[in-house]
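K.L.:
Attaching a single structure in structure tokens format; questions to follow.
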Amino acid sequence: MKDMINHPPHYNQSGIECIEAIGAATDTYFRYYLQGNIIKYLWRFDYKGKPLEDLKKAQWYLNKLIEVVEEDEERRNT
């Protein structure tokens, strides 16, 4: 069964997750990309016909943002 929330197959080409490539390309601005996607999925969740899927995607991006902020704080504290 495909996991369309955590690992959609169309976001993984040649063994590289799209989110990781975006993180590398945007560097310190990556957190704003994540924030924008959280807003996008929350904004449209009740209009697209798949509200639970969009809410879970927003949650995924929020979890990723928390992970990035925690990593940044760890780097600053070492």
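Ordering of the structure tokens sets the chain letters (A, B, ...); residue numbers start at 1 within each chain; ligands are numbered from 1 in the order shown.
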Considering only C-alpha atoms, return as a list in words whatever protein or nucleic-acid residues lie within 10 Å of region 47-62 of chain A, sequence-local ones (same chain, fewer than 5 positions apart) excluded.

P.N.:
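Surrounding residues, per the criterion: Met4, Ile5, Asn6, Ile19, Arg31, Tyr33, Leu34, Gln35, Gly36, Asn37, Ile38, Ile39, Lys40, Tyr41, Leu42, Glu67 and Val68 of chain A.
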
K.L.:
Those same residues, written as a tab-separated table (two decimals), in the first residue's frame with C-alpha atoms?

P.N.:
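Output saved as selection.tsv:
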```tsv
chain	number	residue	atom	x	y	z
A	4	MET	CA	0.59	9.15	0.22
A	5	ILE	CA	1.28	11.22	3.35
A	6	ASN	CA	4.81	10.30	4.47
A	19	ILE	CA	11.86	17.28	0.54
A	31	ARG	CA	11.72	26.49	7.46
A	33	TYR	CA	9.01	26.58	2.78
A	34	LEU	CA	7.68	24.21	5.45
A	35	GLN	CA	5.61	26.96	7.04
A	36	GLY	CA	4.11	27.84	3.66
A	37	ASN	CA	3.06	24.25	3.05
A	38	ILE	CA	1.45	24.04	6.50
A	39	ILE	CA	-0.60	27.12	5.66
A	40	LYS	CA	-1.48	25.76	2.20
A	41	TYR	CA	-2.81	22.44	3.46
A	42	LEU	CA	-4.72	24.02	6.34
A	67	GLU	CA	12.48	18.64	13.59
A	68	VAL	CA	14.36	21.38	11.71
```

K.L.:
Among chain A, which ones does DSSP place in strand (DSSP E or B), written as a ChimeraX atom specification?

P.N.:
/A:12-13,16-17

K.L.:
List every residue of chain A that DSSP, applied to the backbone, labels as alpha helix (DSSP H), and write the result as a ChimeraX atom specification.

P.N.:
/A:18-26,30-44,51-76

K.L.:
For Leu65 (chain A), which of A:Gln13, A:Lys2, A:Cys18, A:Tyr29 is the closest residue, counting only C-alpha atoms?

P.N.:
A:Tyr29

K.L.:
Rounded to one decimal in Å, what is the spacing between CA of Asp72 (chain A) and CA of Thr28 (chain A)?

P.N.:
9.6 Å

K.L.:
Do you have the CA of Asp27 (chain A)-CA of His7 (chain A) distance handy?

P.N.:
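Here the two named atoms are 21.5 Å from each other.
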